[in-house]
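Visitor: Quick one, upload18.txt (compact mmCIF, C-alpha atoms):
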```txt
# COMPACT_ATOMS: atom_id res chain seq x y z
CA MET P 28 65.03 -22.11 -21.94
CA ASP P 29 62.75 -24.09 -24.15
CA THR P 30 59.89 -22.35 -25.77
CA ASN P 31 56.49 -23.78 -25.07
CA PRO P 32 55.36 -26.04 -27.94
CA ILE P 33 52.14 -24.07 -28.31
CA ILE P 34 54.09 -20.88 -28.87
CA THR P 35 56.51 -22.61 -31.23
CA GLU P 36 53.53 -23.77 -33.25
CA LEU P 37 52.02 -20.29 -33.26
CA GLU P 38 55.25 -18.65 -34.36
CA LYS P 39 55.59 -21.05 -37.25
CA THR P 40 52.53 -19.44 -38.81
CA LEU P 41 54.24 -16.06 -38.69
CA LEU P 42 57.32 -17.00 -40.69
CA ARG P 43 57.61 -15.39 -44.08
CA THR P 44 56.90 -17.59 -47.03
CA ASP P 45 59.36 -15.92 -49.38
CA SER P 46 62.67 -16.45 -47.64
CA LEU P 47 65.18 -13.64 -47.58
CA PRO P 48 68.54 -14.25 -49.23
CA ASP P 49 71.18 -15.76 -47.02
CA PHE P 50 73.04 -12.62 -46.03
CA ARG P 51 75.53 -12.66 -43.21
CA VAL P 52 77.09 -10.29 -40.75
CA GLY P 53 79.44 -7.97 -42.60
CA ASP P 54 77.53 -8.05 -45.85
CA THR P 55 76.30 -4.83 -47.38
CA VAL P 56 72.58 -5.08 -48.07
CA ARG P 57 69.78 -3.00 -49.51
CA VAL P 58 66.60 -3.43 -47.51
CA HIS P 59 63.42 -2.53 -49.36
CA TYR P 60 61.00 -1.51 -46.65
CA LYS P 61 57.36 -0.65 -47.13
CA ILE P 62 56.30 2.56 -45.51
CA VAL P 63 52.60 3.24 -45.08
CA GLU P 64 51.53 6.85 -45.43
CA GLY P 65 47.83 7.22 -44.95
CA ASP P 66 46.29 4.74 -47.35
CA LYS P 67 49.26 4.72 -49.73
CA ASP P 68 52.45 2.85 -49.23
CA ARG P 69 55.82 3.36 -50.82
CA ILE P 70 59.10 1.54 -50.64
CA GLN P 71 62.11 3.01 -48.95
CA VAL P 72 65.57 1.57 -49.39
CA PHE P 73 68.01 1.37 -46.52
CA GLN P 74 71.53 0.37 -47.51
CA GLY P 75 74.26 -0.49 -45.08
CA VAL P 76 76.40 -3.09 -43.37
CA VAL P 77 74.76 -5.87 -41.38
CA LEU P 78 76.02 -5.45 -37.83
CA LYS P 79 74.31 -8.42 -36.25
CA ARG P 80 71.72 -11.05 -36.84
CA HIS P 81 69.53 -12.24 -34.03
CA ARG P 82 68.24 -15.64 -35.01
CA ALA P 83 65.13 -16.49 -33.02
CA GLY P 84 62.54 -17.97 -35.33
CA ALA P 85 59.69 -15.58 -35.99
CA ARG P 86 61.25 -13.04 -33.65
CA SER P 87 64.50 -12.85 -35.62
CA THR P 88 65.97 -9.44 -36.30
CA PHE P 89 68.96 -8.00 -38.08
CA THR P 90 70.66 -4.66 -37.60
CA VAL P 91 71.89 -2.57 -40.51
CA ARG P 92 74.25 0.38 -40.07
CA LYS P 93 74.89 3.12 -42.54
CA ILE P 94 76.49 6.52 -42.47
CA SER P 95 73.99 9.17 -43.44
CA PHE P 96 75.37 12.69 -43.84
CA SER P 97 78.29 11.72 -41.62
CA ILE P 98 76.00 10.49 -38.89
CA GLY P 99 75.83 6.81 -38.13
CA VAL P 100 72.31 5.38 -38.41
CA GLU P 101 71.40 1.90 -37.27
CA ARG P 102 68.15 0.24 -37.96
CA VAL P 103 66.80 -3.01 -36.57
CA PHE P 104 64.58 -4.94 -38.95
CA LEU P 105 62.36 -7.85 -38.04
CA SER P 106 63.35 -10.55 -40.49
CA HIS P 107 59.83 -11.87 -40.83
CA SER P 108 58.05 -8.55 -40.98
CA PRO P 109 55.62 -8.30 -43.89
CA ARG P 110 56.88 -4.73 -44.30
CA ILE P 111 60.16 -5.98 -45.72
CA ASP P 112 59.62 -6.22 -49.44
CA LYS P 113 63.01 -7.70 -50.29
CA VAL P 114 66.64 -7.67 -49.32
CA GLU P 115 69.41 -7.39 -51.90
CA ILE P 116 72.98 -8.30 -51.18
CA VAL P 117 75.29 -5.63 -52.53
CA ALA P 118 78.58 -7.03 -51.31
CA ARG P 119 79.79 -9.95 -49.26
CA GLY P 120 82.07 -8.92 -46.42
CA ILE P 121 84.88 -10.80 -44.78
CA VAL P 122 84.57 -10.53 -41.04
CA ARG P 123 85.80 -12.54 -38.09
CA ARG P 124 83.10 -11.70 -35.57
CA ALA P 125 79.42 -12.43 -35.15
CA ARG P 126 78.67 -8.87 -34.03
CA LEU P 127 80.39 -5.93 -35.65
CA LEU P 128 79.78 -3.54 -32.80
CA TYR P 129 83.35 -2.24 -33.10
CA LEU P 130 82.27 -0.40 -36.26
CA ARG P 131 80.46 2.09 -34.06
CA ASP P 132 83.75 3.38 -32.71
CA LEU P 133 85.41 3.70 -36.10
CA GLU P 134 85.08 6.45 -38.64
CA GLY P 135 85.81 6.98 -42.30
CA LYS P 136 88.20 4.60 -43.98
CA ALA P 137 88.72 2.54 -40.84
CA ALA P 138 85.03 1.76 -40.65
CA ARG P 139 85.03 -0.36 -43.80
CA VAL P 140 84.49 -4.06 -44.06
CA ARG P 141 86.76 -6.06 -46.38
CA ASP P 142 84.98 -7.25 -49.47
CA LYS P 143 84.76 -10.79 -50.67
CA LYS P 144 85.24 -10.66 -54.39
CA ASP P 145 83.54 -13.55 -56.06
CA ASN P 146 86.18 -16.12 -57.02
CA MET W 2 31.02 -7.43 -8.76
CA ASN W 3 32.17 -8.23 -12.24
CA THR W 4 29.57 -10.48 -13.76
CA SER W 5 30.54 -10.14 -17.39
CA PRO W 6 31.12 -13.24 -19.48
CA GLY W 7 34.52 -14.80 -19.17
CA VAL W 8 36.64 -17.89 -19.22
CA TYR W 9 39.44 -19.42 -17.23
CA GLY W 10 42.67 -20.32 -18.94
CA ARG W 11 46.31 -21.05 -18.47
CA LYS W 12 49.03 -18.61 -19.38
CA VAL W 13 51.26 -20.24 -21.96
CA GLY W 14 53.77 -17.45 -22.40
CA ASN W 15 54.54 -14.34 -24.35
CA THR W 16 55.52 -13.73 -27.93
CA GLN W 17 54.88 -11.23 -30.68
CA ILE W 18 52.73 -11.36 -33.77
CA PHE W 19 52.46 -9.33 -36.94
CA THR W 20 49.19 -7.55 -37.56
CA ASP W 21 47.69 -7.15 -41.00
CA ASP W 22 49.23 -3.72 -41.48
CA GLY W 23 52.68 -5.09 -40.71
CA ASN W 24 53.03 -3.78 -37.19
CA VAL W 25 54.15 -5.94 -34.33
CA LYS W 26 52.06 -6.59 -31.26
CA ARG W 27 53.42 -8.11 -28.08
CA VAL W 28 50.99 -10.70 -26.88
CA THR W 29 50.34 -13.08 -24.05
CA VAL W 30 49.10 -16.47 -25.16
CA ILE W 31 46.33 -17.93 -23.03
CA GLU W 32 45.20 -21.49 -23.50
CA ALA W 33 41.56 -21.45 -22.55
CA GLY W 34 39.95 -24.74 -22.97
CA PRO W 35 38.30 -26.67 -24.29
CA ILE W 36 36.15 -25.66 -21.36
CA THR W 37 33.15 -27.73 -20.45
CA VAL W 38 30.31 -26.52 -18.28
CA ILE W 39 30.28 -29.30 -15.74
CA GLY W 40 27.73 -27.86 -13.41
CA LYS W 41 25.66 -24.90 -12.36
CA ARG W 42 25.05 -23.14 -9.10
CA THR W 43 21.44 -22.06 -8.87
CA LYS W 44 19.85 -19.34 -6.86
CA GLU W 45 17.36 -21.74 -5.29
CA ARG W 46 19.87 -24.31 -4.17
CA ASP W 47 23.06 -22.33 -3.63
CA GLY W 48 21.90 -18.74 -3.25
CA TYR W 49 23.68 -17.47 -6.33
CA ASN W 50 24.02 -18.16 -10.01
CA ALA W 51 27.32 -19.46 -11.30
CA LEU W 52 28.68 -21.72 -13.98
CA ILE W 53 31.16 -24.39 -13.04
CA PHE W 54 33.87 -24.80 -15.63
CA GLY W 55 36.18 -27.73 -16.02
CA PHE W 56 39.17 -28.00 -18.30
CA GLY W 57 42.43 -29.86 -18.67
CA GLU W 58 42.99 -33.57 -18.19
CA ARG W 59 43.09 -35.40 -14.92
CA LYS W 60 43.45 -39.10 -14.38
CA GLU W 61 40.42 -40.88 -13.03
CA LYS W 62 42.40 -42.27 -10.12
CA HIS W 63 43.43 -38.80 -9.03
CA THR W 64 39.87 -37.58 -8.89
CA THR W 65 38.13 -37.35 -5.57
CA LYS W 66 34.92 -39.27 -5.27
CA PRO W 67 32.55 -36.33 -4.81
CA LEU W 68 33.92 -34.85 -8.02
CA ALA W 69 33.94 -38.02 -10.02
CA GLY W 70 30.47 -38.99 -9.11
CA GLN W 71 31.32 -42.46 -7.88
CA TYR W 72 30.22 -41.74 -4.38
CA ALA W 73 26.96 -40.01 -5.09
CA ALA W 74 25.99 -40.56 -8.64
CA GLU W 75 23.37 -37.88 -8.88
CA LYS W 76 25.64 -35.18 -7.47
CA GLY W 77 29.03 -36.00 -8.93
CA LEU W 78 30.14 -33.20 -11.19
CA PHE W 79 31.82 -35.12 -13.98
CA LYS W 80 29.20 -37.79 -14.18
CA GLU W 81 26.44 -35.24 -14.49
CA ALA W 82 28.19 -33.42 -17.30
CA ASN W 83 29.09 -36.71 -18.90
CA THR W 84 32.74 -35.78 -19.40
CA LYS W 85 36.11 -37.13 -18.48
CA ALA W 86 37.72 -35.99 -15.26
CA LYS W 87 38.96 -32.41 -15.44
CA ARG W 88 42.13 -31.04 -13.94
CA THR W 89 40.83 -27.60 -13.07
CA VAL W 90 37.36 -26.95 -11.75
CA LYS W 91 36.40 -23.33 -11.26
CA GLU W 92 33.23 -21.39 -10.68
CA LEU W 93 32.34 -18.22 -12.52
CA ARG W 94 29.61 -15.98 -11.16
CA CYS W 95 28.02 -14.34 -14.12
CA ASP W 96 24.98 -12.42 -15.28
CA ASP W 97 21.75 -14.15 -16.21
CA GLU W 98 22.25 -13.82 -19.92
CA PHE W 99 25.55 -15.66 -19.98
CA TYR W 100 24.32 -18.08 -17.35
CA GLY W 101 21.26 -19.02 -19.32
CA LYS W 102 23.19 -19.67 -22.50
CA PHE W 103 24.77 -22.90 -21.37
CA GLU W 104 23.45 -26.23 -20.29
CA ILE W 105 25.47 -28.71 -18.27
CA GLY W 106 27.79 -30.54 -20.62
CA ALA W 107 28.10 -27.66 -23.07
CA VAL W 108 31.52 -26.82 -24.44
CA LEU W 109 32.42 -23.14 -24.55
CA LYS W 110 33.37 -21.56 -27.84
CA LEU W 111 35.87 -18.74 -27.41
CA GLU W 112 34.84 -16.97 -30.58
CA GLU W 113 31.30 -16.62 -29.24
CA ILE W 114 32.40 -15.09 -25.96
CA PHE W 115 35.08 -12.70 -27.17
CA LYS W 116 35.59 -10.64 -30.28
CA GLU W 117 38.92 -9.64 -31.70
CA GLY W 118 39.72 -6.09 -30.66
CA GLU W 119 37.50 -6.30 -27.59
CA LEU W 120 38.69 -5.07 -24.21
CA ILE W 121 39.08 -7.61 -21.43
CA ASP W 122 40.28 -7.83 -17.86
CA ALA W 123 42.80 -10.46 -16.85
CA GLN W 124 43.00 -11.71 -13.30
CA GLY W 125 45.72 -13.95 -11.98
CA LEU W 126 47.91 -14.80 -9.04
CA THR W 127 51.19 -12.92 -9.33
CA ARG W 128 54.49 -14.69 -8.94
CA GLY W 129 55.43 -14.97 -5.27
CA ARG W 130 58.64 -13.21 -4.35
CA GLY W 131 58.60 -13.96 -0.65
CA PHE W 132 59.73 -11.47 1.99
CA THR W 133 61.18 -8.66 -0.04
CA GLY W 134 63.07 -5.47 0.81
CA VAL W 135 61.86 -1.99 -0.05
CA MET W 136 64.03 -1.64 -3.15
CA LYS W 137 62.40 -4.52 -4.97
CA ARG W 138 58.96 -4.16 -3.43
CA TRP W 139 58.45 -0.42 -3.66
CA GLY W 140 61.21 0.69 -6.02
CA PHE W 141 63.13 2.67 -3.40
CA SER W 142 66.53 3.89 -4.53
CA GLY W 143 68.57 2.60 -1.61
CA PHE W 144 71.78 4.36 -0.58
CA PRO W 145 75.09 5.11 -2.29
CA ALA W 146 77.43 2.18 -2.71
CA THR W 147 80.43 4.29 -1.72
CA HIS W 148 81.23 7.55 0.08
CA GLY W 149 81.26 5.92 3.49
CA THR W 150 77.88 4.21 3.47
CA HIS W 151 78.13 1.78 6.32
CA GLU W 152 75.91 -1.28 6.31
CA TYR W 153 73.02 0.80 5.01
CA ARG W 154 72.88 0.12 1.25
CA ARG W 155 69.43 -1.36 0.58
CA HIS W 156 67.60 0.32 3.43
CA GLY W 157 64.52 2.50 3.16
CA GLY W 158 65.65 5.43 5.30
CA SER W 159 63.39 7.24 7.74
CA ILE W 160 59.94 5.88 8.51
CA GLY W 161 58.55 8.93 10.29
CA THR W 162 59.09 11.92 12.55
CA ASN W 163 60.06 12.15 16.21
CA MET W 164 57.73 13.70 18.80
CA THR W 165 54.90 14.61 16.47
CA PRO W 166 53.12 12.31 16.11
CA GLY W 167 55.51 10.08 18.03
CA ARG W 168 54.59 6.97 16.12
CA THR W 169 55.02 5.57 12.67
CA LEU W 170 52.03 6.31 10.49
CA PRO W 171 50.03 3.43 9.06
CA ASN W 172 50.78 2.17 5.55
CA VAL W 173 54.39 3.34 5.47
CA LYS W 174 56.16 1.40 2.74
CA MET W 175 58.44 -1.22 4.24
CA GLY W 176 59.70 -4.68 3.42
CA GLY W 177 57.35 -7.64 3.51
CA GLN W 178 55.60 -10.27 1.47
CA TYR W 179 55.62 -9.34 -2.21
CA GLY W 180 53.73 -11.16 -4.93
CA ASN W 181 51.51 -14.20 -4.55
CA GLU W 182 48.44 -11.97 -4.57
CA THR W 183 45.50 -11.80 -6.89
CA VAL W 184 45.86 -8.94 -9.34
CA SER W 185 43.60 -7.79 -12.16
CA THR W 186 44.95 -5.99 -15.17
CA LEU W 187 42.15 -3.99 -16.72
CA ASN W 188 41.39 -3.12 -20.32
CA LEU W 189 43.70 -5.36 -22.25
CA LYS W 190 42.87 -6.01 -25.85
CA VAL W 191 42.08 -9.32 -27.50
CA VAL W 192 44.35 -9.39 -30.53
CA LYS W 193 43.43 -12.74 -31.95
CA ILE W 194 41.34 -15.78 -31.19
CA ILE W 195 42.55 -19.12 -32.49
CA ALA W 196 39.40 -21.10 -31.91
CA ASP W 197 40.50 -24.53 -33.06
CA LYS W 198 43.40 -24.51 -30.62
CA HIS W 199 41.48 -22.67 -27.89
CA LEU W 200 44.03 -19.89 -27.76
CA LEU W 201 43.47 -16.26 -26.85
CA LEU W 202 46.15 -13.77 -27.80
CA ILE W 203 46.02 -10.76 -25.53
CA GLU W 204 47.97 -7.58 -26.07
CA GLY W 205 50.38 -6.85 -23.25
CA GLY W 206 51.06 -8.85 -20.14
CA THR W 207 48.81 -10.68 -17.74
CA PRO W 208 49.52 -11.34 -14.07
CA GLY W 209 50.97 -14.65 -13.02
CA SER W 210 53.56 -17.14 -14.05
CA LYS W 211 53.60 -19.34 -17.11
CA GLY W 212 51.19 -22.19 -16.56
CA GLY W 213 49.31 -20.09 -14.03
CA LEU W 214 45.55 -19.81 -13.97
CA VAL W 215 44.15 -16.62 -15.51
CA LEU W 216 40.57 -15.41 -15.52
CA ILE W 217 39.69 -13.49 -18.67
CA ARG W 218 36.49 -11.44 -18.60
CA GLN W 219 34.96 -8.74 -20.69
CA ALA W 220 36.16 -5.42 -19.33
CA VAL W 221 34.18 -3.84 -16.49
CA LYS W 222 35.51 -0.34 -16.90
CA LYS W 223 35.34 0.05 -20.61
CA LYS W 224 36.01 3.57 -21.78
CA GLY W 225 32.88 5.57 -22.41
CA LYS W 226 30.71 3.32 -20.31
CA ARG W 227 30.45 5.91 -17.58
CA LYS W 228 29.15 8.54 -19.97
CA ALA W 229 26.21 6.38 -20.90
CA ILE W 230 24.85 6.40 -17.37
```
Starting from the file, give its structure as structure tokens.

Guide:
Amino acid sequence: MDTNPIITELEKTLLRTDSLPDFRVGDTVRVHYKIVEGDKDRIQVFQGVVLKRHRAGARSTFTVRKISFSIGVERVFLSHSPRIDKVEIVARGIVRRARLLYLRDLEGKAARVRDKKDN
Amino acid sequence: MNTSPGVYGRKVGNTQIFTDDGNVKRVTVIEAGPITVIGKRTKERDGYNALIFGFGERKEKHTTKPLAGQYAAEKGLFKEANTKAKRTVKELRCDDEFYGKFEIGAVLKLEEIFKEGELIDAQGLTRGRGFTGVMKRWGFSGFPATHGTHEYRRHGGSIGTNMTPGRTLPNVKMGGQYGNETVSTLNLKVVKIIADKHLLLIEGGTPGSKGGLVLIRQAVKKKGKRKAI
């Protein structure tokens, strides 16, 4: 379904001006996320594998999964949120799917994504 | 009766926006205007005070003569307000203060009527769903899909008792027409006003379909108002 041109126009104003690096599904990323505590804010880093990217203009999101104390944690970030300070790419993964939901059923060594070594 | 200041608009659709602190708000976008006051109902002539709003474009040839002012020049709405033909013409009964603010031909400014963060009521015609069963209309659970249910899956069950009172009580929830009724959603918040594009961003949902007419007014049942009395 086409989005109404008025809404398309409105959402254009919400896009972030500093574009995030071009990370893909399967990459390992470090997301620097601003957390507001009272009147102070600090930056928290969330590192994990990108499970999926939902590309929808200003409403785009991406999901990052990590294993924290042997418990899987997934977090959905809004790509254009002003709370995201920056995203670093730690490793490029080689994957053959657009959504890595199968990682949820795997544990330990099986739940790794093959690395793309540069060159 | 709600006589607080308000405007008519068209629902454009829903989206989300980021607030200054980085949170996300889900909003309904209302295109309200530019609205021209194309006429006034007066107490002396009509028995009540109301502003007549017109907005949206309409071709001259599609305009009826009483509206266009070709038939009776002194009474035609568009001619009097000296504007082009408007697609939507709606009356708004309002209090004297708001009524007195505008002359015929004036163009409403959204930022003067609403403030960001203010509570409003939204009234619209909900999407018509036709004759609907109890599951959709009233949220009944229906009956099990298996275990021998025989031709009784989306039914409502019993509608009353036997001898006492020997009849079905009034207002028992049954199937029937659902939707296509005027509904007001109270105390929604204005998140943002984009004055140059005549857009109102309202937190949450408003009744009606996209493109449907919505009446936005300052809230009647604002919190704390009752205490003041």

Visitor: Pick out the residues sitting within 9 Å of Leu130 in chain P, and hand them over as a list in words; count all atoms listed in the file, and ignore anything fewer than 3 positions along from it in its own chain.

Guide: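 After dropping sequence-adjacent residues, the list is Leu78, Arg92, Leu127, Leu133, Glu134, Ala137, Ala138, Arg139 and Val140 of chain P.
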
Visitor: Quote the spacing between CA of Glu61 in chain W and CA of Phe79 in chain W in Å to one decimal place.

Guide: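 Computed distance, CA of Glu61 in chain W to CA of Phe79 in chain W, equals 10.4 Å.
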
Visitor: Near chain W, meaning an atom within 10 Å, which residues of chain P appear when counting all atoms listed in the file? Write them as a PyMOL selection string.

Guide: chain P and resi 30-35+37-38+40-42+61-63+85-86+105+107-111

Visitor: Select, from P:Gly120, P:Gly65, P:Gly135, P:Gly53, the residue with the minimum atom-to-atom distance to Phe89 in chain P, counting all atoms listed in the file.

Guide: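 Smallest distance to Phe89 in chain P is found for P:Gly53.
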
Visitor: Mind listing whatever residues come within 10 Å of the point (53.7, -5.8, 2.9)? Use only C-alpha atoms, file coordinates, and give them as JSON, numbers by chain.

Guide: {"W": [132, 133, 134, 135, 138, 139, 172, 173, 174, 175, 176, 177, 178, 179, 180]}

Visitor: Write out as an MDAnalysis selection string each polymer residue whose atoms come within 10 Å of Pro145 in chain W, counting all atoms listed in the file; drop sequence neighbours fewer than 6 positions from it.

Guide: chainID W and resid 151 153:155

Visitor: Using only C-alpha atoms, which of W:Arg27, W:Arg130, W:Lys12, W:Gly7 sits nearest Glu204 in chain W?

Guide: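 Ranking W:Arg27, W:Arg130, W:Lys12, W:Gly7 by distance to Glu204 in chain W, first place goes to W:Arg27.
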
Visitor: Need the shell around Arg11 in chain W: protein/DNA/RNA residues with any atom at most 12 Å away, counting all atoms listed in the file. Skip same-chain ones fewer than 4 positions apart. Format as number ranges by chain?

Guide: P: 33; W: 29-36, 56-57, 88-89, 123-126, 199-202, 207-217

Visitor: Quick one, how far is CA of Ser46 in chain P from CA of Asp112 in chain P?

Guide: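 It comes out at 10.8 Å.
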
Visitor: Go ahead and find all residues with at least one atom no further than 12 Å from (62.2, 8.2, 9.7) in the file's coordinates, using all atoms listed in the file; report them as a count of residues only.

Guide: 18

Visitor: I'd like the contact shell of Leu93 in chain W - 9 Å cut-off, all atoms listed in the file, skipping same-chain residues fewer than 6 positions apart - returned as a PyMOL selection string.

Guide: chain W and resi 4+6-9+50-54

Visitor: Taking all atoms listed in the file into account, which of P:Gly75, P:Val103, P:Asp45, P:Asp54 comes nearest Lys143 in chain P?

Guide: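 So, comparing all the options, the nearest one is P:Asp54.
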
Visitor: Select, from W:Arg128, W:Lys110, W:Lys137, W:Lys26, the residue with the minimum atom-to-atom distance to Ile194 in chain W, counting only C-alpha atoms.

Guide: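 Nearest candidate to Ile194 in chain W out of W:Arg128, W:Lys110, W:Lys137, W:Lys26: W:Lys110.
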
Visitor: One decimal, in Å: what's the spacing between CA of Leu109 in chain W and CA of Ala69 in chain W?

Guide: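 Separation of CA of Leu109 in chain W and CA of Ala69 in chain W: 20.9 Å.
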
Visitor: Using the file's own x, y and z axes, so that the box edges lie along x, y and z, what centre and edge lengths in Å (one decimal) does a box around every listed atom of range 147-151 of chain W get when 8 Å is added on each side? Give it as lines of an AutoDock Vina configuration file.

Guide:
```
center_x = 79.6
center_y = 4.7
center_z = 2.3
size_x = 19.4
size_y = 21.8
size_z = 24.0
```

Visitor: Counting all atoms listed in the file, figure out which residue out of W:Thr150, W:Asn181, W:Asn3, W:Thr43 gets nearest to Gly101 in chain W.

Guide: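 Of all the options, W:Thr43 lies closest to Gly101 in chain W.
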
Visitor: Give me range 31-53 of chain P with N, CA and C atoms filled in, as a short mmCIF file (atom, residue, chain, number, x, y, z; two decimals), in the coordinates of the input.

Guide:
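part.cif written:
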```cif
data_model
loop_
_atom_site.label_atom_id
_atom_site.label_comp_id
_atom_site.auth_asym_id
_atom_site.auth_seq_id
_atom_site.Cartn_x
_atom_site.Cartn_y
_atom_site.Cartn_z
N ASN P 31 57.67 -22.93 -25.16
CA ASN P 31 56.49 -23.78 -25.07
C ASN P 31 56.06 -24.25 -26.46
N PRO P 32 55.73 -25.54 -26.61
CA PRO P 32 55.36 -26.04 -27.94
C PRO P 32 54.19 -25.31 -28.56
N ILE P 33 53.28 -24.81 -27.75
CA ILE P 33 52.14 -24.07 -28.31
C ILE P 33 52.62 -22.79 -28.97
N ILE P 34 53.58 -22.12 -28.31
CA ILE P 34 54.09 -20.88 -28.87
C ILE P 34 54.94 -21.16 -30.09
N THR P 35 55.71 -22.24 -30.06
CA THR P 35 56.51 -22.61 -31.23
C THR P 35 55.59 -22.81 -32.44
N GLU P 36 54.48 -23.49 -32.19
CA GLU P 36 53.53 -23.77 -33.25
C GLU P 36 52.94 -22.46 -33.80
N LEU P 37 52.62 -21.57 -32.88
CA LEU P 37 52.02 -20.29 -33.26
C LEU P 37 53.00 -19.46 -34.07
N GLU P 38 54.26 -19.48 -33.67
CA GLU P 38 55.25 -18.65 -34.36
C GLU P 38 55.56 -19.19 -35.74
N LYS P 39 55.36 -20.48 -35.91
CA LYS P 39 55.59 -21.05 -37.25
C LYS P 39 54.67 -20.41 -38.29
N THR P 40 53.47 -20.04 -37.86
CA THR P 40 52.53 -19.44 -38.81
C THR P 40 52.92 -18.02 -39.18
N LEU P 41 53.86 -17.45 -38.43
CA LEU P 41 54.24 -16.06 -38.69
C LEU P 41 55.45 -15.95 -39.61
N LEU P 42 56.12 -17.06 -39.86
CA LEU P 42 57.32 -17.00 -40.69
C LEU P 42 56.96 -16.57 -42.10
N ARG P 43 57.90 -15.86 -42.73
CA ARG P 43 57.61 -15.39 -44.08
C ARG P 43 57.73 -16.55 -45.06
N THR P 44 56.92 -16.49 -46.08
CA THR P 44 56.90 -17.59 -47.03
C THR P 44 57.98 -17.43 -48.08
N ASP P 45 58.26 -16.16 -48.44
CA ASP P 45 59.36 -15.92 -49.38
C ASP P 45 60.61 -15.67 -48.55
N SER P 46 61.54 -16.62 -48.55
CA SER P 46 62.67 -16.45 -47.64
C SER P 46 63.62 -15.39 -48.17
N LEU P 47 64.21 -14.67 -47.22
CA LEU P 47 65.18 -13.64 -47.58
C LEU P 47 66.46 -14.32 -48.04
N PRO P 48 67.27 -13.64 -48.84
CA PRO P 48 68.54 -14.25 -49.23
C PRO P 48 69.42 -14.48 -48.01
N ASP P 49 70.36 -15.38 -48.16
CA ASP P 49 71.18 -15.76 -47.02
C ASP P 49 72.31 -14.75 -46.86
N PHE P 50 71.99 -13.61 -46.28
CA PHE P 50 73.04 -12.62 -46.03
C PHE P 50 73.61 -12.86 -44.64
N ARG P 51 74.85 -12.41 -44.47
CA ARG P 51 75.53 -12.66 -43.21
C ARG P 51 76.03 -11.37 -42.61
N VAL P 52 76.50 -11.46 -41.41
CA VAL P 52 77.09 -10.29 -40.75
C VAL P 52 78.28 -9.82 -41.58
N GLY P 53 78.35 -8.53 -41.81
CA GLY P 53 79.44 -7.97 -42.60
C GLY P 53 79.06 -7.70 -44.04
#
```
